[in-house]
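Note: the block below is my_file18.txt and it holds compact mmCIF, C-alpha atoms.
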# COMPACT_ATOMS: atom_id res chain seq x y z
CA MET A 712 12.78 0.83 30.99
CA GLN A 713 15.70 -1.33 29.88
CA LEU A 714 14.96 -0.62 26.22
CA ILE A 715 14.79 3.14 26.83
CA ILE A 716 18.06 3.27 28.73
CA PHE A 717 19.86 1.08 26.19
CA LEU A 718 18.60 3.13 23.26
CA LEU A 719 19.58 6.50 24.71
CA HIS A 720 22.93 5.23 25.93
CA CYS A 721 23.75 3.95 22.47
CA VAL A 722 22.83 7.24 20.80
CA ALA A 723 25.08 9.25 23.06
CA TYR A 724 27.96 6.81 22.76
CA THR A 725 27.91 6.26 19.02
CA ILE A 726 27.47 9.87 17.99
CA ALA A 727 30.39 10.91 20.17
CA ASN A 728 32.74 8.70 18.21
CA PRO A 729 33.98 9.00 14.60
CA LEU A 730 31.48 7.70 12.06
CA ASP A 731 32.02 4.19 10.83
CA PRO A 732 31.58 3.41 7.14
CA ARG A 733 27.99 2.61 6.23
CA ASP A 734 27.23 -1.08 6.86
CA SER A 735 24.46 -3.58 6.16
CA VAL A 736 22.30 -2.43 9.07
CA THR A 737 22.40 1.32 8.48
CA ALA A 738 19.72 3.35 6.71
CA SER A 739 20.74 6.84 5.62
CA VAL A 740 19.13 10.25 5.13
CA ASP A 741 20.50 13.04 2.91
CA LEU A 742 19.03 16.34 4.09
CA SER A 743 20.47 18.24 1.12
CA ILE A 744 18.23 16.56 -1.48
CA SER A 745 14.55 17.52 -1.53
CA ARG A 746 12.06 15.09 -3.07
CA GLY A 747 9.04 17.38 -3.08
CA THR A 748 5.95 17.91 -0.96
CA PRO A 749 4.57 14.83 0.82
CA GLN A 750 1.57 13.27 -0.90
CA HIS A 751 1.22 10.43 1.63
CA LEU A 752 1.48 7.82 -1.09
CA ALA A 753 1.12 4.88 1.30
CA SER A 754 -2.07 6.07 3.01
CA GLY A 755 -4.65 3.83 1.39
CA PHE A 756 -6.23 0.42 1.90
CA ILE A 757 -8.60 -2.03 0.23
CA TYR A 758 -12.13 -2.51 1.57
CA GLY A 759 -12.17 -1.59 5.29
CA ILE A 760 -15.10 0.84 4.97
CA PRO A 761 -18.61 -0.09 6.21
CA ASP A 762 -21.39 -0.27 3.65
CA LYS A 763 -23.45 2.13 5.77
CA GLU A 764 -22.45 5.64 4.79
CA GLY A 765 -21.08 7.71 7.68
CA GLN A 766 -20.64 4.81 10.10
CA ILE A 767 -16.98 5.78 10.56
CA GLN A 768 -16.69 9.48 11.38
CA ASP A 769 -14.86 11.75 8.95
CA HIS A 770 -11.94 12.54 11.25
CA TRP A 771 -10.75 8.92 11.14
CA TYR A 772 -10.23 9.40 7.38
CA THR A 773 -8.74 12.88 7.44
CA ASP A 774 -6.37 12.22 10.35
CA ILE A 775 -4.48 9.73 8.15
CA ASP A 776 -5.13 11.62 4.89
CA PHE A 777 -6.83 8.57 3.39
CA ASN A 778 -6.41 9.05 -0.35
CA TYR A 779 -6.80 5.71 -2.13
CA GLY A 780 -9.42 2.97 -1.72
CA ARG A 781 -10.29 -0.18 -3.63
CA THR A 782 -13.47 -2.14 -3.19
CA GLY A 783 -16.45 -3.67 -4.96
CA GLY A 784 -18.62 -5.74 -2.64
CA ALA A 785 -16.78 -9.00 -1.96
CA GLN A 786 -18.26 -11.51 0.49
CA MET A 787 -21.59 -9.69 0.75
CA GLY A 788 -23.77 -12.70 -0.05
CA ALA A 789 -27.36 -12.65 -1.28
CA PRO A 790 -28.97 -10.41 -2.41
CA ASN A 791 -25.69 -8.75 -3.42
CA ARG A 792 -23.78 -11.57 -5.09
CA GLY A 793 -22.81 -9.67 -8.24
CA TRP A 794 -23.48 -9.72 -11.99
CA VAL A 795 -23.27 -13.50 -12.30
CA TRP A 796 -26.51 -13.69 -10.28
CA GLY A 797 -28.36 -11.07 -12.30
CA MET A 798 -28.98 -7.33 -12.48
CA LYS A 799 -30.61 -7.01 -9.05
CA GLU A 800 -27.67 -8.60 -7.24
CA TYR A 801 -25.19 -6.58 -9.29
CA LYS A 802 -26.94 -3.34 -8.23
CA GLY A 803 -26.45 -4.29 -4.59
CA ARG A 804 -22.69 -4.29 -5.09
CA LEU A 805 -22.56 -1.18 -7.24
CA ALA A 806 -23.51 0.84 -4.18
CA VAL A 807 -20.07 0.03 -2.85
CA ILE A 808 -17.18 1.53 -4.99
CA LEU A 809 -15.57 0.04 -8.10
CA TYR A 810 -13.77 -3.31 -8.03
CA PRO A 811 -14.79 -4.93 -11.36
CA HIS A 812 -14.04 -8.58 -10.68
CA ASP A 813 -16.02 -8.38 -7.42
CA LEU A 814 -18.85 -6.50 -9.09
CA PHE A 815 -18.90 -9.33 -11.60
CA GLY A 816 -19.21 -11.73 -8.65
CA THR A 817 -16.18 -14.03 -8.83
CA ASP A 818 -16.60 -14.91 -5.14
CA ASN A 819 -20.04 -16.37 -5.87
CA THR A 820 -19.32 -18.42 -8.99
CA ASN A 821 -19.83 -22.17 -9.16
CA SER A 822 -19.12 -25.02 -11.56
CA SER A 823 -21.87 -23.87 -13.95
CA SER A 824 -20.79 -20.22 -14.06
CA HIS A 825 -19.85 -18.69 -17.41
CA TRP A 826 -16.55 -16.84 -17.17
CA PRO A 827 -15.84 -13.95 -19.56
CA GLY A 828 -14.84 -15.35 -22.95
CA ASP A 829 -15.61 -19.00 -22.25
CA ASN A 830 -16.03 -20.82 -25.56
CA GLY A 831 -15.36 -17.52 -27.32
CA ASP A 832 -18.53 -15.91 -25.92
CA TRP A 833 -17.91 -12.38 -24.68
CA ALA A 834 -21.49 -11.07 -25.01
CA ASP A 835 -22.46 -11.27 -21.32
CA TYR A 836 -19.16 -9.78 -20.15
CA GLU A 837 -19.35 -6.89 -22.61
CA GLU A 838 -22.91 -6.21 -21.44
CA PHE A 839 -21.61 -6.15 -17.86
CA VAL A 840 -18.82 -3.69 -18.71
CA LYS A 841 -21.15 -1.35 -20.59
CA GLN A 842 -23.77 -1.52 -17.83
CA LEU A 843 -21.10 -0.68 -15.28
CA MET A 844 -19.86 2.24 -17.36
CA ASN A 845 -23.36 3.65 -17.70
CA ASP A 846 -24.02 3.27 -13.98
CA LEU A 847 -20.75 4.95 -13.03
CA ALA A 848 -21.47 7.86 -15.35
CA ALA A 849 -25.08 8.15 -14.18
CA ASN A 850 -23.92 8.27 -10.55
CA ASP A 851 -21.28 10.93 -11.31
CA ALA A 852 -18.59 8.53 -10.13
CA LEU A 853 -15.85 9.18 -12.68
CA ASP A 854 -13.70 11.78 -10.89
CA SER A 855 -10.40 10.25 -9.70
CA LEU A 856 -11.63 6.81 -10.74
CA VAL A 857 -9.09 4.11 -11.57
CA TRP A 858 -10.41 1.05 -13.43
CA ASP A 859 -8.38 -1.99 -12.38
CA ILE A 860 -9.56 -4.38 -15.08
CA TRP A 861 -9.26 -7.71 -13.20
CA ASN A 862 -7.88 -8.69 -9.82
CA GLU A 863 -5.31 -11.47 -9.34
CA PRO A 864 -6.10 -13.61 -12.39
CA ASP A 865 -2.95 -15.59 -11.56
CA ILE A 866 -4.77 -17.03 -8.51
CA ASN A 867 -7.41 -19.48 -9.66
CA ILE A 868 -10.03 -18.42 -7.15
CA PHE A 869 -10.32 -15.16 -9.11
CA TRP A 870 -9.90 -16.50 -12.64
CA LYS A 871 -11.30 -19.78 -13.92
CA GLY A 872 -11.79 -18.94 -17.57
CA LYS A 873 -11.48 -22.05 -19.72
CA GLY A 874 -8.76 -20.44 -21.81
CA GLY A 875 -6.55 -19.74 -18.80
CA MET A 876 -3.95 -17.00 -19.02
CA GLN A 877 -4.54 -16.16 -22.67
CA GLN A 878 -8.26 -15.67 -22.10
CA TRP A 879 -7.48 -13.22 -19.31
CA ILE A 880 -5.09 -11.29 -21.59
CA ASP A 881 -7.85 -11.16 -24.19
CA LEU A 882 -10.21 -9.87 -21.48
CA TYR A 883 -7.78 -7.12 -20.55
CA ILE A 884 -7.27 -5.94 -24.15
CA ARG A 885 -10.99 -6.13 -24.92
CA THR A 886 -11.95 -4.20 -21.77
CA HIS A 887 -9.27 -1.55 -22.33
CA ARG A 888 -10.62 -0.89 -25.82
CA ILE A 889 -14.24 -0.67 -24.66
CA ILE A 890 -13.34 1.90 -22.00
CA ARG A 891 -11.17 3.99 -24.31
CA ALA A 892 -13.87 4.00 -27.00
CA ASP A 893 -16.20 5.92 -24.66
CA ALA A 894 -15.37 9.65 -24.46
CA ARG A 895 -17.04 9.89 -21.03
CA PHE A 896 -14.13 7.86 -19.67
CA ASN A 897 -11.29 9.88 -21.22
CA LYS A 898 -10.06 11.00 -17.80
CA VAL A 899 -10.53 7.65 -16.08
CA LYS A 900 -7.23 5.86 -15.51
CA ILE A 901 -6.90 2.22 -16.48
CA SER A 902 -4.59 0.12 -14.32
CA GLY A 903 -3.14 -3.32 -14.79
CA PRO A 904 -2.29 -6.09 -14.72
CA GLY A 905 -3.44 -6.47 -11.08
CA LEU A 906 -1.41 -9.64 -10.67
CA ALA A 907 -0.72 -11.23 -7.30
CA TYR A 908 2.83 -12.21 -8.28
CA ARG A 909 5.72 -9.95 -9.08
CA PRO A 910 7.03 -8.60 -12.41
CA MET A 911 9.89 -10.92 -13.28
CA SER A 912 11.29 -12.28 -16.53
CA SER A 913 10.42 -15.80 -15.30
CA ASN A 914 6.74 -14.93 -14.77
CA ALA A 915 4.81 -15.83 -17.93
CA TRP A 916 1.70 -13.93 -16.79
CA TRP A 917 3.73 -10.73 -16.88
CA THR A 918 5.82 -11.37 -19.98
CA ASN A 919 2.94 -12.59 -22.18
CA TRP A 920 0.69 -9.76 -21.03
CA LEU A 921 3.33 -7.08 -21.62
CA LYS A 922 4.19 -8.43 -25.07
CA GLN A 923 0.56 -8.48 -26.19
CA ILE A 924 -0.53 -5.12 -24.76
CA ALA A 925 2.46 -3.52 -26.47
CA GLN A 926 1.37 -5.02 -29.78
CA ALA A 927 -2.30 -4.09 -29.20
CA GLY A 928 -1.61 -0.53 -28.05
CA THR A 929 -3.45 -1.09 -24.76
CA VAL A 930 -0.81 -0.05 -22.22
CA PRO A 931 -2.48 1.00 -18.94
CA ASP A 932 -2.11 4.42 -17.37
CA GLN A 933 -0.94 2.85 -14.14
CA TRP A 934 0.98 -0.33 -13.34
CA SER A 935 -0.74 -2.29 -10.59
CA TYR A 936 0.31 -5.44 -8.77
CA HIS A 937 0.51 -6.85 -5.26
CA LEU A 938 3.30 -7.28 -2.73
CA GLU A 939 1.96 -9.66 -0.11
CA GLY A 940 4.52 -12.44 -0.26
CA SER A 941 6.61 -14.00 2.48
CA LEU A 942 8.91 -11.94 4.65
CA ASN A 943 12.02 -13.60 3.25
CA SER A 944 11.16 -13.29 -0.45
CA VAL A 945 13.63 -10.86 -2.00
CA ASP A 946 11.13 -9.96 -4.73
CA ASN A 947 8.46 -8.99 -2.19
CA ASP A 948 9.94 -5.50 -2.06
CA PRO A 949 9.15 -2.29 -4.01
CA GLN A 950 12.87 -1.69 -4.38
CA TYR A 951 13.27 -5.01 -6.19
CA THR A 952 10.13 -4.79 -8.34
CA ASN A 953 10.86 -1.22 -9.39
CA SER A 954 14.02 -2.53 -11.01
CA SER A 955 12.56 -5.78 -12.36
CA LEU A 956 9.55 -4.07 -13.96
CA GLY A 957 11.81 -1.40 -15.45
CA ALA A 958 13.87 -4.10 -17.16
CA LEU A 959 10.73 -5.73 -18.60
CA LEU A 960 9.38 -2.44 -19.90
CA LYS A 961 12.67 -1.77 -21.64
CA GLN A 962 12.65 -5.27 -23.13
CA TYR A 963 9.20 -4.80 -24.67
CA GLY A 964 9.63 -1.15 -25.62
CA ILE A 965 6.89 0.08 -23.28
CA PRO A 966 7.02 3.54 -21.66
CA ASP A 967 7.06 3.88 -17.90
CA ARG A 968 3.92 4.81 -15.99
CA GLU A 969 3.06 5.55 -12.38
CA THR A 970 2.87 2.49 -10.14
CA CYS A 971 0.26 1.52 -7.57
CA ILE A 972 0.91 -1.42 -5.27
CA ASN A 973 -2.79 -1.80 -4.67
CA GLU A 974 -2.32 -4.48 -2.04
CA TYR A 975 0.77 -4.35 0.15
CA ALA A 976 1.95 -6.05 3.37
CA GLU A 977 1.28 -9.56 4.59
CA TYR A 978 -0.82 -9.77 7.78
CA SER A 979 2.20 -10.63 9.95
CA GLU A 980 3.79 -7.33 8.90
CA MET A 981 0.86 -5.19 10.02
CA PHE A 982 2.50 -3.75 13.10
CA PRO A 983 4.17 -0.34 13.60
CA SER A 984 7.62 -1.56 12.57
CA GLY A 985 6.33 -3.18 9.38
CA TYR A 986 4.13 -0.21 8.51
CA ALA A 987 7.13 2.14 8.86
CA TRP A 988 9.24 -0.11 6.61
CA TRP A 989 6.56 -0.21 3.90
CA ILE A 990 5.91 3.55 4.05
CA SER A 991 9.64 4.20 3.66
CA ARG A 992 9.92 1.85 0.71
CA LEU A 993 6.84 3.11 -1.15
CA GLU A 994 7.76 6.75 -0.64
CA ARG A 995 11.27 6.23 -1.99
CA MET A 996 9.96 4.58 -5.14
CA ASP A 997 7.15 7.16 -5.49
CA PHE A 998 4.66 4.27 -5.58
CA TRP A 999 1.05 4.65 -4.52
CA GLY A 1000 0.20 1.97 -1.99
CA LEU A 1001 -2.94 0.38 -0.52
CA LEU A 1002 -2.73 -1.89 2.47
CA GLY A 1003 -4.00 -5.38 1.88
CA ASN A 1004 -6.94 -6.58 3.94
CA TRP A 1005 -6.74 -10.05 5.46
CA GLN A 1006 -10.14 -10.15 7.09
CA GLY A 1007 -13.34 -11.84 5.94
CA GLY A 1008 -17.08 -11.38 6.17
CA THR A 1009 -18.32 -8.13 7.66
CA VAL A 1010 -14.90 -7.37 9.23
CA LEU A 1011 -13.55 -7.06 5.68
CA HIS A 1012 -15.94 -4.13 5.29
CA ASP A 1013 -14.83 -2.39 8.48
CA LEU A 1014 -11.84 -1.30 10.59
CA PHE A 1015 -9.76 0.36 7.83
CA ALA A 1016 -7.92 -2.89 7.08
CA ASN A 1017 -6.95 -3.21 10.78
CA LEU A 1018 -5.80 0.38 11.29
CA LEU A 1019 -8.88 0.81 13.49
CA THR A 1020 -10.50 -1.37 16.13
CA LYS A 1021 -13.45 -1.00 18.51
CA LYS A 1022 -13.50 -0.55 22.26
CA SER A 1023 -16.11 -3.23 22.89
CA ASN A 1024 -16.06 -5.89 20.19
CA PRO A 1025 -14.19 -5.13 16.93
CA ARG A 1026 -16.09 -7.93 15.17
CA ASN A 1027 -19.46 -6.33 15.94
CA TYR A 1028 -20.10 -4.80 12.53
CA SER A 1029 -22.77 -2.32 13.64
CA ALA A 1030 -20.83 -0.98 16.64
CA THR A 1031 -19.45 2.54 16.23
CA ASP A 1032 -17.10 2.85 19.20
CA TYR A 1033 -14.03 3.08 16.97
CA ALA A 1034 -10.55 3.44 18.44
CA GLU A 1035 -6.97 3.44 17.23
CA ALA A 1036 -5.34 0.08 16.55
CA PRO A 1037 -1.50 0.03 16.70
CA GLY A 1038 -0.97 0.98 13.06
CA TYR A 1039 -3.27 4.00 13.07
CA TRP A 1040 -0.81 6.08 15.08
CA VAL A 1041 1.95 5.39 12.54
CA TYR A 1042 -0.15 6.68 9.66
CA LYS A 1043 -1.37 9.67 11.67
CA TYR A 1044 2.22 10.68 12.48
CA TYR A 1045 3.23 10.07 8.86
CA THR A 1046 0.50 12.36 7.50
CA GLN A 1047 0.02 14.95 10.26
CA ASN A 1048 3.53 15.45 11.65
CA MET A 1049 5.78 14.78 8.70
CA THR A 1050 5.18 18.01 6.79
CA GLY A 1051 7.42 20.30 4.74
CA HIS A 1052 9.34 18.41 2.09
CA ARG A 1053 10.57 14.86 1.69
CA VAL A 1054 14.30 14.13 1.66
CA LYS A 1055 16.37 11.43 0.04
CA THR A 1056 16.75 8.22 2.01
CA THR A 1057 18.39 4.83 1.53
CA GLY A 1058 17.42 1.64 3.32
CA SER A 1059 19.90 -0.70 4.96
CA SER A 1060 21.76 -2.87 2.47
CA ASN A 1061 20.45 -6.04 4.12
CA ASN A 1062 16.93 -4.71 3.25
CA TRP A 1063 15.51 -5.29 6.74
CA PHE A 1064 15.53 -1.69 8.03
CA ASP A 1065 14.35 1.53 6.43
CA VAL A 1066 13.55 5.19 7.09
CA TYR A 1067 11.34 7.94 5.68
CA GLY A 1068 12.26 11.58 6.29
CA THR A 1069 10.84 15.08 6.01
CA VAL A 1070 12.08 18.58 6.82
CA SER A 1071 9.99 21.51 8.05
CA ASP A 1072 10.60 23.26 11.39
CA ARG A 1073 12.17 19.97 12.44
CA VAL A 1074 13.76 16.99 10.81
CA ARG A 1075 11.35 14.11 11.31
CA LEU A 1076 12.20 10.48 10.65
CA LEU A 1077 9.94 7.43 10.66
CA ALA A 1078 11.85 4.15 10.87
CA GLY A 1079 11.16 0.47 11.24
CA ALA A 1080 12.46 -3.02 10.65
CA LYS A 1081 10.59 -5.53 8.52
CA ILE A 1082 9.48 -7.61 11.52
CA LYS A 1083 13.03 -8.46 12.50
CA THR A 1084 15.00 -7.80 15.65
CA GLY A 1085 18.53 -6.44 15.59
CA SER A 1086 20.73 -3.40 16.07
CA TYR A 1087 20.21 -0.81 13.33
CA ASN A 1088 21.38 2.72 12.62
CA ILE A 1089 20.05 5.86 10.98
CA GLN A 1090 22.85 7.98 9.55
CA VAL A 1091 21.72 11.56 8.88
CA ASN A 1092 23.99 13.38 6.45
CA LYS A 1093 24.43 17.00 5.30
CA LEU A 1094 23.19 18.58 8.51
CA SER A 1095 24.59 21.91 7.33
CA SER A 1096 22.10 21.95 4.45
CA VAL A 1097 19.30 22.67 6.95
CA GLY A 1098 21.24 25.33 8.82
CA LEU A 1099 23.00 23.21 11.44
CA PRO A 1100 26.76 23.46 11.98
CA ILE A 1101 28.95 20.68 10.56
CA SER A 1102 29.91 19.76 14.11
CA GLY A 1103 28.47 20.41 17.53
CA THR A 1104 25.79 19.05 19.83
CA LEU A 1105 22.40 17.86 18.70
CA LYS A 1106 19.31 17.22 20.82
CA VAL A 1107 17.45 14.20 19.48
CA ASP A 1108 13.89 13.27 20.53
CA VAL A 1109 12.73 9.66 20.22
CA TRP A 1110 9.21 8.19 20.18
CA SER A 1111 8.16 4.57 19.98
CA PHE A 1112 5.04 3.24 18.26
CA SER A 1113 3.95 0.08 20.03
CA GLY A 1114 1.35 -2.65 19.66
CA THR A 1115 1.32 -6.42 19.27
CA ASN A 1116 -2.36 -7.08 18.51
CA GLN A 1117 -4.11 -5.63 15.45
CA PHE A 1118 -7.50 -5.78 17.20
CA ALA A 1119 -6.40 -4.16 20.49
CA VAL A 1120 -6.94 -0.51 21.35
CA GLN A 1121 -3.55 1.21 21.34
CA GLY A 1122 -2.48 4.47 22.96
CA PRO A 1123 -0.40 7.17 21.21
CA PRO A 1124 3.34 6.87 20.63
CA ALA A 1125 5.42 7.01 23.79
CA PHE A 1126 8.09 9.68 24.24
CA ARG A 1127 11.30 7.81 25.03
CA GLY A 1128 13.48 10.80 25.92
CA THR A 1129 15.81 13.50 24.60
CA ILE A 1130 19.57 13.18 24.43
CA SER A 1131 22.25 15.77 23.71
CA SER A 1132 24.94 14.25 21.52
CA SER A 1133 28.16 15.49 20.05
CA TYR A 1134 28.75 14.98 16.33
CA SER A 1135 31.19 15.95 13.61
CA GLY A 1136 31.71 15.58 9.87
CA ASP A 1137 28.28 17.03 9.01
CA SER A 1138 26.65 13.71 9.97
CA VAL A 1139 25.05 12.07 12.96
CA VAL A 1140 24.30 8.40 13.61
CA ILE A 1141 21.24 7.38 15.60
CA PRO A 1142 21.25 3.73 16.72
CA ILE A 1143 17.98 1.85 17.01
CA SER A 1144 17.90 -1.22 19.22
CA GLN A 1145 15.07 -3.36 17.82
CA THR A 1146 14.53 -5.80 20.68
CA ASP A 1147 11.08 -6.83 19.43
CA THR A 1148 9.65 -7.26 15.96
CA THR A 1149 6.72 -4.84 16.22
CA THR A 1150 7.88 -1.43 17.49
CA GLY A 1151 8.27 1.47 15.07
CA TRP A 1152 10.26 4.64 15.70
CA GLY A 1153 9.85 8.39 15.33
CA VAL A 1154 13.00 10.49 15.60
CA GLU A 1155 13.06 14.30 15.52
CA PHE A 1156 15.40 17.23 16.01
CA SER A 1157 15.00 20.97 15.55
CA ILE A 1158 16.82 23.02 12.93

Starting from the file, lay out its structure as structure tokens.
Amino acid sequence: MQLIIFLLHCVAYTIANPLDPRDSVTASVDLSISRGTPQHLASGFIYGIPDKEGQIQDHWYTDIDFNYGRTGGAQMGAPNRGWVWGMKEYKGRLAVILYPHDLFGTDNTNSSSHWPGDNGDWADYEEFVKQLMNDLAANDALDSLVWDIWNEPDINIFWKGKGGMQQWIDLYIRTHRIIRADARFNKVKISGPGLAYRPMSSNAWWTNWLKQIAQAGTVPDQWSYHLEGSLNSVDNDPQYTNSSLGALLKQYGIPDRETCINEYAEYSEMFPSGYAWWISRLERMDFWGLLGNWQGGTVLHDLFANLLTKKSNPRNYSATDYAEAPGYWVYKYYTQNMTGHRVKTTGSSNNWFDVYGTVSDRVRLLAGAKIKTGSYNIQVNKLSSVGLPISGTLKVDVWSFSGTNQFAVQGPPAFRGTISSSYSGDSVVIPISQTDTTTGWGVEFSI
């Protein structure tokens, strides 16, 4: 109860006083600027779906508007070890959705394995690509398909071609041309580069790849890369990489494209506060996002990348007693409650706190810190743009999203109370006391 009392006391006290200038711990919302209908850009994840069709009931998908997945059969073992072990073992992985490097079988290579392009020999790889294309077409699997040509070649577990970085660039260009030469795949998006590390002028994997795809005319339809670095890395942030990639594209004369962060969030961030921070960031940049998945074995193919758990034993792959893990409630609120239209937001200048906002019958805000305690603020501006007076009294409802264990069953968000607060100047400030690193926040008021 101490947290509840402190939070509500602060709201009443701060709003009743003149607004301070925006500081390093304040995120802001501008209700006067619409950013379009919510598409739930952050509601996706890699793997996380059992290989048995229908094991997870449909409502678990629809309740979070799951709209982007990425998989291809990693860590399945024999007899599904991928193309490198022959056609039969490749077919076992094809039954799972597209993830080309996993379908190829990079997790089951050994010292005698032939990597695409080794010694200038591309024949086996090109046969693999064409076989995959034929199988995808034959299974009517081309609608909404994105072909991410190779995953994390800048991590040597996923790329051991003898020619190193240049051989991977050659693979990308070669694959891009094969796909685009087949009219059946005209509507299939190609994404790349799929690198683990960020787009920076000091990153040779990015600069060499961009230079050569510009020259070859093989620019992807979608930029893809990962943001799963350390909490304190300034470049592990969509706000940073949006700017750094933009500068590189300008340098090499390459047009902009949509961006998909097809693996986001380090495992230590996968709590309600971290989820809220990432959702806010991705939505502001208009980036598609898929949660990373830090599990292994059969758990990798289950539990929605830790948004779900099980009541009995979450590591029992065949069990079907699914339940909400802490993060599930954040994504359900984000997709089910935050309707209407998105509004402009700005994160705190210290980059640790952020907010996502929508307007419908109510103003709804989802806020969280990037796994960091502290005293933060949400400053909501232009209240009059949604029909509220420029000064008066506002009733603010607050919910908390809790949970400290990704495998524990978690109940719904807790209602923390309603306060009536005086405000003026067409703005209101809502303080958030982040006394732990895991709690996320929902804030609402009627208009």

With distances taken over all atoms listed in the file, which residue among A:Tyr836, A:Phe896, A:Tyr936, A:Phe982 lies nearest Asn862 (chain A)? A:Tyr936

7 Å contact set for Thr1050 (chain A), all atoms listed in the file, chain neighbours under 4 positions out, as JSON, numbers by chain: {"A": [749, 1069, 1070, 1071]}

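Comparing A:Asn953, A:Ser913, A:Thr1031, A:Ser941 by their smallest distance to Ile767 (chain A), the closest is A:Thr1031 (using all atoms listed in the file).
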
Neighbour residues at most 12 Å from (7.2, 1.2, 1.4) (all atoms listed in the file) as a PyMOL selection string: chain A and resi 751-754+938+947-953+971-972+974-976+980+984-1002+1056-1058+1062-1067+1077-1081

Need the shell around region 1101-1112 of chain A: protein/DNA/RNA residues with any atom at most 10 Å away, counting all atoms listed in the file. Skip same-chain ones fewer than 5 positions apart. Format as a CSV table (one decimal) with C-alpha atoms, keeping the file's coordinate frame?
chain,number,residue,atom,x,y,z
A,715,ILE,CA,14.8,3.1,26.8
A,718,LEU,CA,18.6,3.1,23.3
A,719,LEU,CA,19.6,6.5,24.7
A,722,VAL,CA,22.8,7.2,20.8
A,723,ALA,CA,25.1,9.2,23.1
A,726,ILE,CA,27.5,9.9,18.0
A,727,ALA,CA,30.4,10.9,20.2
A,982,PHE,CA,2.5,-3.8,13.1
A,983,PRO,CA,4.2,-0.3,13.6
A,984,SER,CA,7.6,-1.6,12.6
A,987,ALA,CA,7.1,2.1,8.9
A,1037,PRO,CA,-1.5,0.0,16.7
A,1038,GLY,CA,-1.0,1.0,13.1
A,1039,TYR,CA,-3.3,4.0,13.1
A,1040,TRP,CA,-0.8,6.1,15.1
A,1041,VAL,CA,2.0,5.4,12.5
A,1044,TYR,CA,2.2,10.7,12.5
A,1074,VAL,CA,13.8,17.0,10.8
A,1075,ARG,CA,11.4,14.1,11.3
A,1076,LEU,CA,12.2,10.5,10.6
A,1077,LEU,CA,9.9,7.4,10.7
A,1078,ALA,CA,11.8,4.2,10.9
A,1079,GLY,CA,11.2,0.5,11.2
A,1092,ASN,CA,24.0,13.4,6.4
A,1093,LYS,CA,24.4,17.0,5.3
A,1094,LEU,CA,23.2,18.6,8.5
A,1095,SER,CA,24.6,21.9,7.3
A,1096,SER,CA,22.1,22.0,4.4
A,1121,GLN,CA,-3.6,1.2,21.3
A,1122,GLY,CA,-2.5,4.5,23.0
A,1123,PRO,CA,-0.4,7.2,21.2
A,1124,PRO,CA,3.3,6.9,20.6
A,1125,ALA,CA,5.4,7.0,23.8
A,1126,PHE,CA,8.1,9.7,24.2
A,1127,ARG,CA,11.3,7.8,25.0
A,1128,GLY,CA,13.5,10.8,25.9
A,1129,THR,CA,15.8,13.5,24.6
A,1130,ILE,CA,19.6,13.2,24.4
A,1131,SER,CA,22.2,15.8,23.7
A,1132,SER,CA,24.9,14.2,21.5
A,1133,SER,CA,28.2,15.5,20.0
A,1134,TYR,CA,28.8,15.0,16.3
A,1135,SER,CA,31.2,16.0,13.6
A,1136,GLY,CA,31.7,15.6,9.9
A,1137,ASP,CA,28.3,17.0,9.0
A,1138,SER,CA,26.6,13.7,10.0
A,1139,VAL,CA,25.0,12.1,13.0
A,1141,ILE,CA,21.2,7.4,15.6
A,1143,ILE,CA,18.0,1.8,17.0
A,1149,THR,CA,6.7,-4.8,16.2
A,1150,THR,CA,7.9,-1.4,17.5
A,1151,GLY,CA,8.3,1.5,15.1
A,1152,TRP,CA,10.3,4.6,15.7
A,1153,GLY,CA,9.8,8.4,15.3
A,1154,VAL,CA,13.0,10.5,15.6
A,1155,GLU,CA,13.1,14.3,15.5
A,1156,PHE,CA,15.4,17.2,16.0
A,1157,SER,CA,15.0,21.0,15.6
A,1158,ILE,CA,16.8,23.0,12.9

What does the distance between CA of Asp893 (chain A) and CA of His825 (chain A) come to in Å, to one decimal place? 25.9 Å

Figure out the distance between CA of Leu856 (chain A) and CA of Gly1007 (chain A), please, to one decimal in Å. 25.1 Å

Residue with the minimum atom-to-atom distance to Glu969 (chain A), picked from A:Glu837, A:Asp1147, A:Asp932, A:Glu863 with all atoms listed in the file counted, is A:Asp932

Near-Gly875 (chain A) list (12 Å; only C-alpha atoms; drop same-chain fewer than 6 positions) as a PyMOL selection string: chain A and resi 826-830+864-867+869+881-882+916
